[in-house]
>>> print(open('input_8.cif').read())   # mmCIF, C-alpha atoms
data_my_file
loop_
_atom_site.label_atom_id
_atom_site.label_comp_id
_atom_site.auth_asym_id
_atom_site.auth_seq_id
_atom_site.Cartn_x
_atom_site.Cartn_y
_atom_site.Cartn_z
CA MET A 1 0.00 0.00 0.00
CA ILE A 2 1.01 3.62 -0.54
CA ASN A 3 1.69 6.04 2.26
CA PRO A 4 -0.25 9.22 1.32
CA LYS A 5 2.41 11.57 2.71
CA PHE A 6 5.20 9.78 0.83
CA TYR A 7 3.21 9.91 -2.40
CA LEU A 8 2.30 13.58 -1.98
CA SER A 9 5.93 14.49 -1.25
CA ASN A 10 6.99 12.83 -4.49
CA LEU A 11 4.33 14.74 -6.41
CA THR A 12 5.38 18.12 -5.03
CA ARG A 13 9.07 17.38 -5.63
CA SER A 14 8.12 16.60 -9.24
CA GLY A 15 6.60 20.07 -9.61
CA VAL A 16 2.90 19.29 -8.97
CA GLU A 17 1.97 22.14 -6.63
CA PHE A 18 -1.78 22.69 -7.09
CA PHE A 19 -4.60 20.31 -6.18
CA SER A 20 -8.36 20.49 -6.61
CA GLY A 21 -11.25 18.05 -6.66
CA VAL A 22 -14.24 16.52 -4.93
CA PRO A 23 -13.36 14.02 -2.16
CA ASP A 24 -13.86 10.30 -2.70
CA SER A 25 -14.06 7.48 -0.17
CA LEU A 26 -11.33 5.44 -1.93
CA LEU A 27 -9.07 8.49 -1.96
CA LYS A 28 -10.09 9.85 1.44
CA ASP A 29 -6.69 9.28 3.07
CA PHE A 30 -4.84 10.94 0.19
CA CYS A 31 -7.40 13.78 0.17
CA ALA A 32 -6.99 14.17 3.94
CA CYS A 33 -3.22 14.34 3.51
CA ILE A 34 -3.56 17.08 0.88
CA THR A 35 -5.94 19.04 3.13
CA ASP A 36 -3.63 18.66 6.12
CA THR A 37 -0.43 19.48 4.21
CA CYS A 38 -1.23 22.08 1.55
CA ASP A 39 -2.11 25.72 2.14
CA ARG A 40 -5.34 27.29 0.87
CA GLY A 41 -3.66 28.76 -2.17
CA SER A 42 -2.52 25.37 -3.43
CA HIS A 43 -5.58 23.26 -2.61
CA ILE A 44 -9.22 23.99 -3.38
CA ILE A 45 -12.02 21.50 -2.66
CA ALA A 46 -14.27 22.30 -5.61
CA ALA A 47 -18.07 22.49 -5.72
CA ASN A 48 -18.09 19.88 -8.48
CA GLU A 49 -15.60 17.92 -10.55
CA GLY A 50 -15.98 20.04 -13.69
CA GLY A 51 -15.18 23.10 -11.63
CA ALA A 52 -11.99 21.38 -10.43
CA ILE A 53 -10.91 20.96 -14.06
CA GLY A 54 -11.53 24.68 -14.58
CA LEU A 55 -9.43 25.52 -11.53
CA ALA A 56 -6.65 23.30 -12.83
CA ILE A 57 -6.75 25.00 -16.24
CA GLY A 58 -6.54 28.41 -14.57
CA HIS A 59 -3.57 27.31 -12.47
CA TYR A 60 -1.67 26.03 -15.51
CA LEU A 61 -2.33 29.25 -17.42
CA ALA A 62 -1.12 31.33 -14.47
CA CYS A 63 1.89 29.28 -13.37
CA GLY A 64 2.80 26.87 -16.15
CA SER A 65 3.05 23.91 -13.75
CA VAL A 66 1.03 20.71 -14.01
CA PRO A 67 -1.89 20.54 -11.52
CA MET A 68 -3.67 17.49 -10.10
CA VAL A 69 -7.45 16.96 -9.98
CA TYR A 70 -8.96 14.19 -7.82
CA LEU A 71 -12.46 12.68 -7.92
CA GLN A 72 -14.55 9.56 -7.66
CA ASN A 73 -15.33 7.93 -11.01
CA SER A 74 -19.00 8.83 -10.52
CA GLY A 75 -17.85 12.38 -11.29
CA LEU A 76 -16.47 11.42 -14.70
CA GLY A 77 -19.54 12.83 -16.42
CA ASN A 78 -18.98 16.21 -14.77
CA ILE A 79 -15.46 16.50 -16.21
CA ILE A 80 -15.99 15.26 -19.77
CA ASN A 81 -17.14 18.63 -21.15
CA PRO A 82 -14.26 20.78 -19.80
CA LEU A 83 -11.82 17.97 -20.55
CA LEU A 84 -12.76 17.57 -24.20
CA SER A 85 -13.79 21.13 -25.07
CA LEU A 86 -10.99 22.93 -23.18
CA ALA A 87 -8.15 20.83 -21.78
CA SER A 88 -7.87 18.46 -24.76
CA LYS A 89 -4.62 18.52 -26.72
CA GLU A 90 -6.86 19.26 -29.75
CA VAL A 91 -8.10 22.49 -28.16
CA TYR A 92 -5.91 24.31 -25.56
CA GLY A 93 -3.70 21.37 -24.66
CA ILE A 94 -3.60 21.66 -20.87
CA PRO A 95 -1.40 19.06 -19.13
CA MET A 96 -2.79 17.78 -15.84
CA LEU A 97 -2.93 14.65 -13.71
CA ILE A 98 -6.41 13.40 -12.82
CA MET A 99 -6.60 10.90 -9.95
CA ILE A 100 -9.84 8.90 -10.05
CA GLY A 101 -11.08 6.51 -7.36
CA TRP A 102 -12.34 3.38 -9.14
CA ARG A 103 -15.64 2.59 -7.41
CA GLY A 104 -17.47 -0.42 -8.82
CA GLU A 105 -14.31 -2.08 -10.11
CA PRO A 106 -15.31 -5.40 -11.73
CA ASP A 107 -15.21 -8.40 -9.36
CA VAL A 108 -14.97 -6.08 -6.33
CA LYS A 109 -18.17 -5.85 -4.24
CA ASP A 110 -19.62 -2.33 -4.17
CA GLU A 111 -22.91 -0.45 -3.92
CA PRO A 112 -25.37 -0.76 -6.84
CA GLN A 113 -24.94 2.85 -7.99
CA HIS A 114 -21.27 2.15 -8.75
CA VAL A 115 -21.60 -1.13 -10.67
CA HIS A 116 -22.29 0.24 -14.17
CA GLN A 117 -19.84 3.14 -13.87
CA GLY A 118 -17.11 0.84 -12.58
CA ARG A 119 -17.64 -1.80 -15.25
CA VAL A 120 -17.22 0.68 -18.12
CA MET A 121 -14.54 2.84 -16.48
CA GLU A 122 -11.62 1.83 -18.67
CA GLN A 123 -13.74 1.73 -21.83
CA SER A 124 -15.06 5.22 -21.05
CA LEU A 125 -11.56 6.69 -20.77
CA THR A 126 -10.52 4.90 -23.95
CA ALA A 127 -13.61 6.20 -25.77
CA ILE A 128 -12.85 9.83 -24.88
CA ASP A 129 -9.19 9.31 -25.83
CA ILE A 130 -7.72 10.21 -22.44
CA PRO A 131 -4.57 8.22 -21.57
CA PHE A 132 -4.71 6.42 -18.22
CA VAL A 133 -2.79 4.07 -15.99
CA VAL A 134 -4.04 1.86 -13.15
CA ILE A 135 -1.83 2.77 -10.20
CA SER A 136 -0.05 -0.06 -8.40
CA ASP A 137 -0.36 -0.40 -4.64
CA ASN A 138 3.42 -0.82 -4.50
CA GLU A 139 4.93 2.54 -3.51
CA SER A 140 7.96 2.53 -5.75
CA GLU A 141 6.00 1.27 -8.74
CA ALA A 142 3.23 3.83 -8.13
CA VAL A 143 5.79 6.66 -8.02
CA ARG A 144 7.37 5.44 -11.26
CA GLN A 145 3.94 5.23 -12.94
CA THR A 146 3.09 8.73 -11.74
CA HIS A 147 6.38 10.20 -13.01
CA ASP A 148 5.75 8.56 -16.39
CA ALA A 149 2.21 9.95 -16.47
CA LEU A 150 3.49 13.42 -15.58
CA ALA A 151 6.09 13.21 -18.35
CA LEU A 152 3.39 12.14 -20.83
CA ALA A 153 1.11 15.00 -19.75
CA LYS A 154 3.89 17.52 -20.33
CA ARG A 155 5.16 15.97 -23.57
CA ASN A 156 1.76 15.71 -25.24
CA SER A 157 0.05 18.68 -23.51
CA THR A 158 -2.76 16.40 -22.37
CA PRO A 159 -4.64 15.34 -19.25
CA VAL A 160 -3.58 11.88 -17.99
CA VAL A 161 -5.67 9.79 -15.59
CA LEU A 162 -4.32 7.85 -12.61
CA LEU A 163 -6.93 5.19 -11.80
CA VAL A 164 -6.84 4.11 -8.14
CA LYS A 165 -8.29 0.85 -6.83
CA LYS A 166 -9.80 0.22 -3.41
CA GLY A 167 -7.21 -0.21 -0.65
CA THR A 168 -4.36 1.51 -2.47
CA PHE A 169 -3.56 4.13 0.20
CA THR A 170 -2.72 3.55 3.84
CA LYS A 171 -4.54 5.36 6.63
CA PHE A 172 -3.88 9.05 7.17
CA THR A 173 -5.21 10.51 10.41
CA VAL A 174 -5.97 14.18 10.93
CA SER A 175 -7.08 15.77 14.15
CA LYS A 176 -10.83 16.24 14.02
CA LYS A 177 -12.26 19.61 14.92
CA THR A 178 -14.93 19.67 17.58
CA SER A 179 -18.32 21.16 16.85
CA ASP A 180 -20.50 23.27 19.10
CA LEU A 181 -23.59 21.97 17.32
CA THR A 182 -25.58 19.38 19.25
CA LEU A 183 -27.95 18.02 16.60
CA SER A 184 -26.98 14.95 14.55
CA ARG A 185 -28.05 14.42 10.97
CA GLU A 186 -29.79 11.15 11.87
CA VAL A 187 -31.91 12.82 14.56
CA ALA A 188 -32.75 15.69 12.20
CA ILE A 189 -33.86 13.28 9.46
CA THR A 190 -35.89 11.25 11.93
CA GLU A 191 -37.69 14.29 13.29
CA VAL A 192 -38.54 15.65 9.84
CA ALA A 193 -39.75 12.20 8.73
CA ASP A 194 -42.05 12.02 11.75
CA LEU A 195 -43.60 15.38 10.79
CA MET A 196 -44.33 14.46 7.16
CA PRO A 197 -48.05 14.23 6.29
CA ASN A 198 -49.20 10.69 5.49
CA ASP A 199 -49.46 11.34 1.75
CA ALA A 200 -46.16 13.25 1.49
CA VAL A 201 -43.04 11.73 -0.06
CA ALA A 202 -39.33 12.29 0.43
CA VAL A 203 -36.40 12.46 -1.97
CA CYS A 204 -33.12 11.89 -0.14
CA THR A 205 -29.63 12.78 -1.34
CA THR A 206 -26.85 10.26 -1.77
CA GLY A 207 -24.60 8.89 0.95
CA MET A 208 -25.26 8.87 4.68
CA PRO A 209 -28.65 10.68 4.59
CA SER A 210 -30.23 7.95 2.43
CA ARG A 211 -28.76 5.26 4.66
CA GLU A 212 -30.08 6.98 7.79
CA LEU A 213 -33.56 7.51 6.35
CA PHE A 214 -33.72 3.88 5.22
CA GLU A 215 -32.65 2.61 8.62
CA TYR A 216 -35.18 4.83 10.40
CA ARG A 217 -38.04 3.48 8.26
CA GLU A 218 -36.78 -0.05 8.91
CA LYS A 219 -36.75 0.40 12.68
CA SER A 220 -40.10 2.20 12.79
CA ASN A 221 -41.77 -0.35 10.47
CA GLY A 222 -42.96 2.61 8.42
CA GLY A 223 -42.09 1.05 5.08
CA HIS A 224 -39.86 2.48 2.38
CA HIS A 225 -42.53 3.23 -0.22
CA ARG A 226 -42.65 6.99 0.53
CA ASP A 227 -38.93 7.59 0.03
CA PHE A 228 -36.90 7.87 -3.16
CA LEU A 229 -33.27 7.30 -2.25
CA THR A 230 -30.97 9.12 -4.67
CA VAL A 231 -28.16 6.64 -4.08
CA GLY A 232 -26.04 8.12 -6.91
CA GLY A 233 -26.03 11.35 -8.87
CA MET A 234 -24.76 13.65 -6.12
CA GLY A 235 -26.39 17.06 -6.27
CA HIS A 236 -29.45 16.05 -8.27
CA ALA A 237 -31.95 15.23 -5.49
CA SER A 238 -33.44 18.73 -5.56
CA GLN A 239 -34.20 18.58 -9.29
CA ILE A 240 -35.72 15.13 -8.93
CA SER A 241 -37.88 16.70 -6.23
CA LEU A 242 -38.89 19.51 -8.57
CA GLY A 243 -39.83 17.04 -11.29
CA LEU A 244 -41.96 15.16 -8.77
CA ALA A 245 -43.58 18.36 -7.49
CA LEU A 246 -44.53 19.41 -11.01
CA GLY A 247 -46.06 16.00 -11.74
CA GLN A 248 -47.76 15.58 -8.34
CA SER A 249 -48.90 19.11 -7.55
CA LYS A 250 -51.34 18.01 -4.81
CA ARG A 251 -48.69 16.10 -2.88
CA GLN A 252 -46.09 17.59 -0.53
CA ILE A 253 -42.52 16.81 -1.59
CA PHE A 254 -39.75 16.82 1.02
CA CYS A 255 -36.18 17.02 -0.30
CA PHE A 256 -33.38 15.96 2.06
CA ASP A 257 -30.24 17.60 0.66
CA GLY A 258 -26.70 17.98 1.97
CA ASP A 259 -24.50 21.07 1.97
CA GLY A 260 -21.95 19.44 -0.36
CA ALA A 261 -24.68 18.20 -2.69
CA ALA A 262 -26.44 21.58 -2.76
CA LEU A 263 -23.15 23.31 -3.54
CA MET A 264 -22.35 20.87 -6.34
CA HIS A 265 -25.25 22.06 -8.50
CA MET A 266 -26.32 25.28 -6.83
CA GLY A 267 -28.02 26.53 -9.99
CA SER A 268 -30.79 24.07 -9.14
CA MET A 269 -31.90 26.40 -6.35
CA ALA A 270 -32.50 29.15 -8.90
CA ILE A 271 -34.64 26.81 -11.00
CA ILE A 272 -36.68 25.74 -7.96
CA GLY A 273 -37.09 29.33 -6.77
CA GLN A 274 -38.36 30.48 -10.14
CA SER A 275 -40.56 27.43 -10.76
CA SER A 276 -43.61 28.65 -8.81
CA VAL A 277 -44.14 25.17 -7.38
CA ALA A 278 -45.98 25.37 -4.09
CA ASN A 279 -45.34 21.87 -2.78
CA ILE A 280 -41.58 21.57 -2.14
CA ILE A 281 -39.92 21.73 1.26
CA HIS A 282 -36.19 21.76 0.49
CA ILE A 283 -34.13 20.76 3.54
CA ILE A 284 -30.37 21.31 3.53
CA LEU A 285 -28.62 19.28 6.23
CA ASN A 286 -25.50 21.40 6.73
CA ASN A 287 -22.55 19.99 8.68
CA GLY A 288 -19.84 21.78 6.72
CA VAL A 289 -18.17 18.59 5.46
CA HIS A 290 -18.37 15.87 2.81
CA ASP A 291 -19.35 13.40 5.53
CA SER A 292 -19.97 10.34 3.34
CA VAL A 293 -16.49 10.30 1.81
CA GLY A 294 -14.13 11.08 4.67
CA GLY A 295 -15.22 14.37 6.22
CA GLN A 296 -13.28 16.79 4.02
CA PRO A 297 -14.58 20.37 4.49
CA THR A 298 -17.09 22.18 2.31
CA VAL A 299 -17.77 25.92 2.33
CA GLY A 300 -21.22 25.16 3.77
CA PHE A 301 -20.65 27.11 6.98
CA GLY A 302 -19.12 30.04 5.13
CA ILE A 303 -22.05 30.91 2.89
CA ASP A 304 -25.65 31.98 3.42
CA PHE A 305 -27.88 29.23 2.01
CA CYS A 306 -31.00 31.02 3.25
CA GLY A 307 -29.98 34.30 1.62
CA ILE A 308 -29.22 32.51 -1.65
CA ALA A 309 -32.57 30.68 -1.63
CA SER A 310 -34.43 33.91 -0.86
CA ALA A 311 -32.66 35.68 -3.73
CA CYS A 312 -33.58 32.76 -6.01
CA GLY A 313 -37.28 33.20 -5.24
CA TYR A 314 -38.10 30.70 -2.49
CA GLU A 315 -41.25 31.81 -0.66
CA SER A 316 -39.76 31.24 2.79
CA VAL A 317 -36.37 30.42 4.27
CA CYS A 318 -35.14 29.66 7.77
CA GLN A 319 -32.17 28.22 9.61
CA VAL A 320 -32.55 25.97 12.66
CA ASP A 321 -30.20 23.97 14.87
CA ASP A 322 -32.39 22.06 17.32
CA SER A 323 -35.47 19.87 17.54
CA ALA A 324 -37.83 22.68 18.51
CA GLY A 325 -36.65 24.69 15.51
CA ILE A 326 -37.25 21.76 13.17
CA SER A 327 -40.77 21.23 14.47
CA ASN A 328 -41.69 24.90 14.16
CA ALA A 329 -40.15 25.25 10.69
CA ILE A 330 -41.99 22.22 9.28
CA GLU A 331 -45.27 23.34 10.89
CA GLN A 332 -44.98 26.80 9.32
CA ALA A 333 -43.96 25.45 5.91
CA LEU A 334 -46.95 23.13 5.75
CA LYS A 335 -49.32 26.06 6.36
CA SER A 336 -48.36 28.01 3.23
CA ASP A 337 -47.34 27.60 -0.38
CA GLY A 338 -43.66 27.11 -1.17
CA PRO A 339 -41.10 26.50 -2.29
CA HIS A 340 -39.63 26.58 1.22
CA LEU A 341 -36.01 26.17 2.32
CA ILE A 342 -35.09 24.93 5.77
CA GLU A 343 -31.38 24.80 6.58
CA ILE A 344 -30.64 22.51 9.53
CA LEU A 345 -27.24 23.00 11.16
CA ILE A 346 -25.84 19.68 12.39
CA HIS A 347 -22.56 18.28 13.63
CA PRO A 348 -20.48 15.92 11.44
CA GLY A 349 -20.37 12.18 11.93
CA ASN A 350 -22.59 9.13 12.00
CA ARG A 351 -23.06 5.92 13.95
CA PRO A 352 -20.30 3.38 13.18
CA ASP A 353 -22.89 0.61 12.92
CA LEU A 354 -25.07 2.45 10.38
CA GLY A 355 -26.49 -0.03 7.87
CA ARG A 356 -27.10 0.22 4.15
CA PRO A 357 -30.34 -0.11 2.18
CA THR A 358 -31.30 -3.75 1.78
CA ARG A 359 -33.77 -3.13 -1.04
CA SER A 360 -32.44 -2.65 -4.55
CA PRO A 361 -32.85 0.62 -6.48
CA GLU A 362 -35.32 -1.17 -8.76
CA GLN A 363 -37.44 -2.23 -5.78
CA ASN A 364 -37.25 1.30 -4.36
CA LYS A 365 -38.44 2.76 -7.67
CA THR A 366 -41.30 0.26 -8.02
CA ASP A 367 -42.57 0.76 -4.46
CA PHE A 368 -42.29 4.53 -4.74
CA MET A 369 -44.18 4.77 -8.03
CA ARG A 370 -46.87 2.43 -6.75
CA PHE A 371 -47.39 4.71 -3.74
CA LEU A 372 -47.59 7.79 -5.98
CA LYS A 373 -50.42 6.13 -7.95
CA SER A 374 -52.35 5.19 -4.82
#
>>> encode(input="input_8.cif", output="structure tokens")
Amino acid sequence: MINPKFYLSNLTRSGVEFFSGVPDSLLKDFCACITDTCDRGSHIIAANEGGAIGLAIGHYLACGSVPMVYLQNSGLGNIINPLLSLASKEVYGIPMLIMIGWRGEPDVKDEPQHVHQGRVMEQSLTAIDIPFVVISDNESEAVRQTHDALALAKRNSTPVVLLVKKGTFTKFTVSKKTSDLTLSREVAITEVADLMPNDAVAVCTTGMPSRELFEYREKSNGGHHRDFLTVGGMGHASQISLGLALGQSKRQIFCFDGDGAALMHMGSMAIIGQSSVANIIHIILNNGVHDSVGGQPTVGFGIDFCGIASACGYESVCQVDDSAGISNAIEQALKSDGPHLIEILIHPGNRPDLGRPTRSPEQNKTDFMRFLKS
């Protein structure tokens, strides 16, 4: 296995001095090492993967040195446009290294949302004509492969992908910051779910929130038919909610979103705000980190989600940080037409024994659509 600090030191000695991306669970120890080691001017955790490519292009134009972008392979779709229409050697020819965590690698057990993406990962890179190498878990070999990739990127003025398998990096521990917030995400989700009208439905963002909502329904014997778990497609839960609200205008739609997910496609808030739909309650569970992939920070605590939503046209906005606030906010939102935004401030973290959905995405879809027709 590769020591993240050793690998990062070799990168910086080779002239790679700028890093940007969206954290990934397979790369979490390397991402944590970058966060812990690099200053703010040389490392930006981007809102989305395409934005990280843009940041890398800007760095190369300004400094002339090769940057590195990191992401999970689920973000490949977000980078294809800036890769092929800007960074490509057939357009501007921007050399960069792109480290991609290979979720859903064939013959390696993973969650259902990663299976298709993982199976076609190598074919996808071949199809878009981006050179790649699968990084060895042997340190010296990985460094050699990376130096060769860097040389190729410079020589051909092209992006080059470093594909990383599960278990490649050793553990990197950073000191966790304490939070003054007392509310957990799981409690917040549970309390909102308890306040939903019987005919209301929920759309839940990817990662821990979907797992926590599923487990709550399981324990309460409430059934899973009222919840659509957006197990992939980070950042798209709010637009799925809008599509539902437009098609089911008499039904209340609850959207459980995360701060990282909301930031990833923030333009969606403008579309919701200007949609005139009355039946969306958009809940942003804000803990200031990418909790599902290692706890790397977001800018969630540094921006004003409520102010942004209000400027986008939401009918009401509020921020709460305790159970009483949740109860009052949901009660008020149900009394008037939306769209409404409720930002719930929570502390990072989750139970170590948190389970995963035991029903397949296909079963979830079938049960959900059957309930909508009832």
>>> atom_distance(input="input_8.cif", atom1="atom CA of A:Val115", atom2="atom CA of A:Pro82")
24.8 Å
>>> closest_residue(input="input_8.cif", among="A:Pro106, A:Pro352, A:Gly235, A:Gly288", to="A:Gly267", atoms="all atoms listed in the file")
A:Gly235
>>> residues_around(input="input_8.cif", residues="A:Phe169", least_positions_apart="6", cutoff="12 Å", atoms="only C-alpha atoms", output="list in words")
Met1, Ile2, Asn3, Pro4, Lys5, Phe6, Tyr7, Leu8, Ser25, Leu26, Leu27, Lys28, Asp29, Phe30, Cys31, Ala32, Cys33, Gly101, Ile135, Ser136, Asp137, Asn138, Glu139 and Ala142 of chain A
>>> atom_distance(input="input_8.cif", atom1="atom CA of A:Ser65", atom2="atom CA of A:Lys154")
9.2 Å
>>> closest_residue(input="input_8.cif", among="A:Gln113, A:Ser184, A:Gln72, A:Gln248", to="A:Leu163", atoms="all atoms listed in the file")
A:Gln72
>>> resolve_selection(input="input_8.cif", expression="the PyMOL selection byres ((chain A and resi 194) around 12)", output="PyMOL selection string")
chain A and resi 187-193+195-198+200-202+213+216-217+220+222+254+323+326-327+330-331
>>> write_last_selection(input="input_8.cif", atoms="C-alpha atoms", output="PDB file, keeping the file's coordinate frame")
ATOM      1  CA  VAL A 187     -31.910  12.820  14.560  1.00  0.00           C
ATOM      2  CA  ALA A 188     -32.750  15.690  12.200  1.00  0.00           C
ATOM      3  CA  ILE A 189     -33.860  13.280   9.460  1.00  0.00           C
ATOM      4  CA  THR A 190     -35.890  11.250  11.930  1.00  0.00           C
ATOM      5  CA  GLU A 191     -37.690  14.290  13.290  1.00  0.00           C
ATOM      6  CA  VAL A 192     -38.540  15.650   9.840  1.00  0.00           C
ATOM      7  CA  ALA A 193     -39.750  12.200   8.730  1.00  0.00           C
ATOM      8  CA  LEU A 195     -43.600  15.380  10.790  1.00  0.00           C
ATOM      9  CA  MET A 196     -44.330  14.460   7.160  1.00  0.00           C
ATOM     10  CA  PRO A 197     -48.050  14.230   6.290  1.00  0.00           C
ATOM     11  CA  ASN A 198     -49.200  10.690   5.490  1.00  0.00           C
ATOM     12  CA  ALA A 200     -46.160  13.250   1.490  1.00  0.00           C
ATOM     13  CA  VAL A 201     -43.040  11.730  -0.060  1.00  0.00           C
ATOM     14  CA  ALA A 202     -39.330  12.290   0.430  1.00  0.00           C
ATOM     15  CA  LEU A 213     -33.560   7.510   6.350  1.00  0.00           C
ATOM     16  CA  TYR A 216     -35.180   4.830  10.400  1.00  0.00           C
ATOM     17  CA  ARG A 217     -38.040   3.480   8.260  1.00  0.00           C
ATOM     18  CA  SER A 220     -40.100   2.200  12.790  1.00  0.00           C
ATOM     19  CA  GLY A 222     -42.960   2.610   8.420  1.00  0.00           C
ATOM     20  CA  PHE A 254     -39.750  16.820   1.020  1.00  0.00           C
ATOM     21  CA  SER A 323     -35.470  19.870  17.540  1.00  0.00           C
ATOM     22  CA  ILE A 326     -37.250  21.760  13.170  1.00  0.00           C
ATOM     23  CA  SER A 327     -40.770  21.230  14.470  1.00  0.00           C
ATOM     24  CA  ILE A 330     -41.990  22.220   9.280  1.00  0.00           C
ATOM     25  CA  GLU A 331     -45.270  23.340  10.890  1.00  0.00           C
TER      26      GLU A 331
END
>>> resolve_selection(input="input_8.cif", expression="the PyMOL selection byres ((chain A and resi 88) around 12)", output="ChimeraX atom specification")
/A:53,57,79-87,89-96,128-131,153,156-160
>>> atom_distance(input="input_8.cif", atom1="atom CA of A:Met208", atom2="atom CA of A:Pro112")
15.0 Å
>>> closest_residue(input="input_8.cif", among="A:Val22, A:Leu372, A:Leu76, A:Ile271", to="A:Phe228", atoms="all atoms listed in the file")
A:Leu372
>>> closest_residue(input="input_8.cif", among="A:His282, A:Arg351, A:His290, A:His236", to="A:Gln319", atoms="all atoms listed in the file")
A:His282
>>> build_atoms(input="input_8.cif", residues="stretch 162-168 of chain A", atoms="all heavy atoms", output="PDB file, keeping the file's coordinate frame")
ATOM      1  N   LEU A 162      -4.862   8.855 -13.519  1.00  0.00           N
ATOM      2  CA  LEU A 162      -4.320   7.850 -12.610  1.00  0.00           C
ATOM      3  C   LEU A 162      -5.503   7.155 -11.948  1.00  0.00           C
ATOM      4  O   LEU A 162      -6.212   7.758 -11.127  1.00  0.00           O
ATOM      5  CB  LEU A 162      -3.430   8.502 -11.543  1.00  0.00           C
ATOM      6  CG  LEU A 162      -2.319   9.433 -12.052  1.00  0.00           C
ATOM      7  CD1 LEU A 162      -1.666  10.162 -10.881  1.00  0.00           C
ATOM      8  CD2 LEU A 162      -1.291   8.663 -12.859  1.00  0.00           C
ATOM      9  N   LEU A 163      -5.769   5.927 -12.299  1.00  0.00           N
ATOM     10  CA  LEU A 163      -6.930   5.190 -11.800  1.00  0.00           C
ATOM     11  C   LEU A 163      -6.529   4.416 -10.553  1.00  0.00           C
ATOM     12  O   LEU A 163      -5.569   3.636 -10.573  1.00  0.00           O
ATOM     13  CB  LEU A 163      -7.437   4.253 -12.897  1.00  0.00           C
ATOM     14  CG  LEU A 163      -8.878   3.777 -12.864  1.00  0.00           C
ATOM     15  CD1 LEU A 163      -9.863   4.932 -12.769  1.00  0.00           C
ATOM     16  CD2 LEU A 163      -9.169   2.933 -14.110  1.00  0.00           C
ATOM     17  N   VAL A 164      -7.239   4.648  -9.450  1.00  0.00           N
ATOM     18  CA  VAL A 164      -6.840   4.110  -8.140  1.00  0.00           C
ATOM     19  C   VAL A 164      -7.887   3.103  -7.653  1.00  0.00           C
ATOM     20  O   VAL A 164      -9.073   3.421  -7.541  1.00  0.00           O
ATOM     21  CB  VAL A 164      -6.685   5.243  -7.109  1.00  0.00           C
ATOM     22  CG1 VAL A 164      -6.336   4.671  -5.739  1.00  0.00           C
ATOM     23  CG2 VAL A 164      -5.594   6.213  -7.564  1.00  0.00           C
ATOM     24  N   LYS A 165      -7.407   1.898  -7.335  1.00  0.00           N
ATOM     25  CA  LYS A 165      -8.290   0.850  -6.830  1.00  0.00           C
ATOM     26  C   LYS A 165      -8.504   0.982  -5.324  1.00  0.00           C
ATOM     27  O   LYS A 165      -7.760   1.674  -4.623  1.00  0.00           O
ATOM     28  CB  LYS A 165      -7.684  -0.522  -7.135  1.00  0.00           C
ATOM     29  CG  LYS A 165      -7.577  -0.862  -8.613  1.00  0.00           C
ATOM     30  CD  LYS A 165      -7.028  -2.278  -8.776  1.00  0.00           C
ATOM     31  CE  LYS A 165      -6.975  -2.703 -10.230  1.00  0.00           C
ATOM     32  NZ  LYS A 165      -6.509  -4.104 -10.377  1.00  0.00           N
ATOM     33  N   LYS A 166      -9.505   0.269  -4.842  1.00  0.00           N
ATOM     34  CA  LYS A 166      -9.800   0.220  -3.410  1.00  0.00           C
ATOM     35  C   LYS A 166      -8.604  -0.328  -2.646  1.00  0.00           C
ATOM     36  O   LYS A 166      -7.957  -1.291  -3.073  1.00  0.00           O
ATOM     37  CB  LYS A 166     -11.028  -0.659  -3.170  1.00  0.00           C
ATOM     38  CG  LYS A 166     -11.496  -0.719  -1.722  1.00  0.00           C
ATOM     39  CD  LYS A 166     -12.746  -1.584  -1.609  1.00  0.00           C
ATOM     40  CE  LYS A 166     -13.249  -1.627  -0.172  1.00  0.00           C
ATOM     41  NZ  LYS A 166     -14.473  -2.465  -0.047  1.00  0.00           N
ATOM     42  N   GLY A 167      -8.273   0.287  -1.510  1.00  0.00           N
ATOM     43  CA  GLY A 167      -7.210  -0.210  -0.650  1.00  0.00           C
ATOM     44  C   GLY A 167      -5.817   0.153  -1.092  1.00  0.00           C
ATOM     45  O   GLY A 167      -4.841  -0.442  -0.614  1.00  0.00           O
ATOM     46  N   THR A 168      -5.684   1.143  -1.972  1.00  0.00           N
ATOM     47  CA  THR A 168      -4.360   1.510  -2.470  1.00  0.00           C
ATOM     48  C   THR A 168      -3.570   2.329  -1.444  1.00  0.00           C
ATOM     49  O   THR A 168      -2.366   2.152  -1.292  1.00  0.00           O
ATOM     50  CB  THR A 168      -4.483   2.299  -3.794  1.00  0.00           C
ATOM     51  OG1 THR A 168      -5.046   1.439  -4.795  1.00  0.00           O
ATOM     52  CG2 THR A 168      -3.134   2.805  -4.280  1.00  0.00           C
TER      53      THR A 168
END
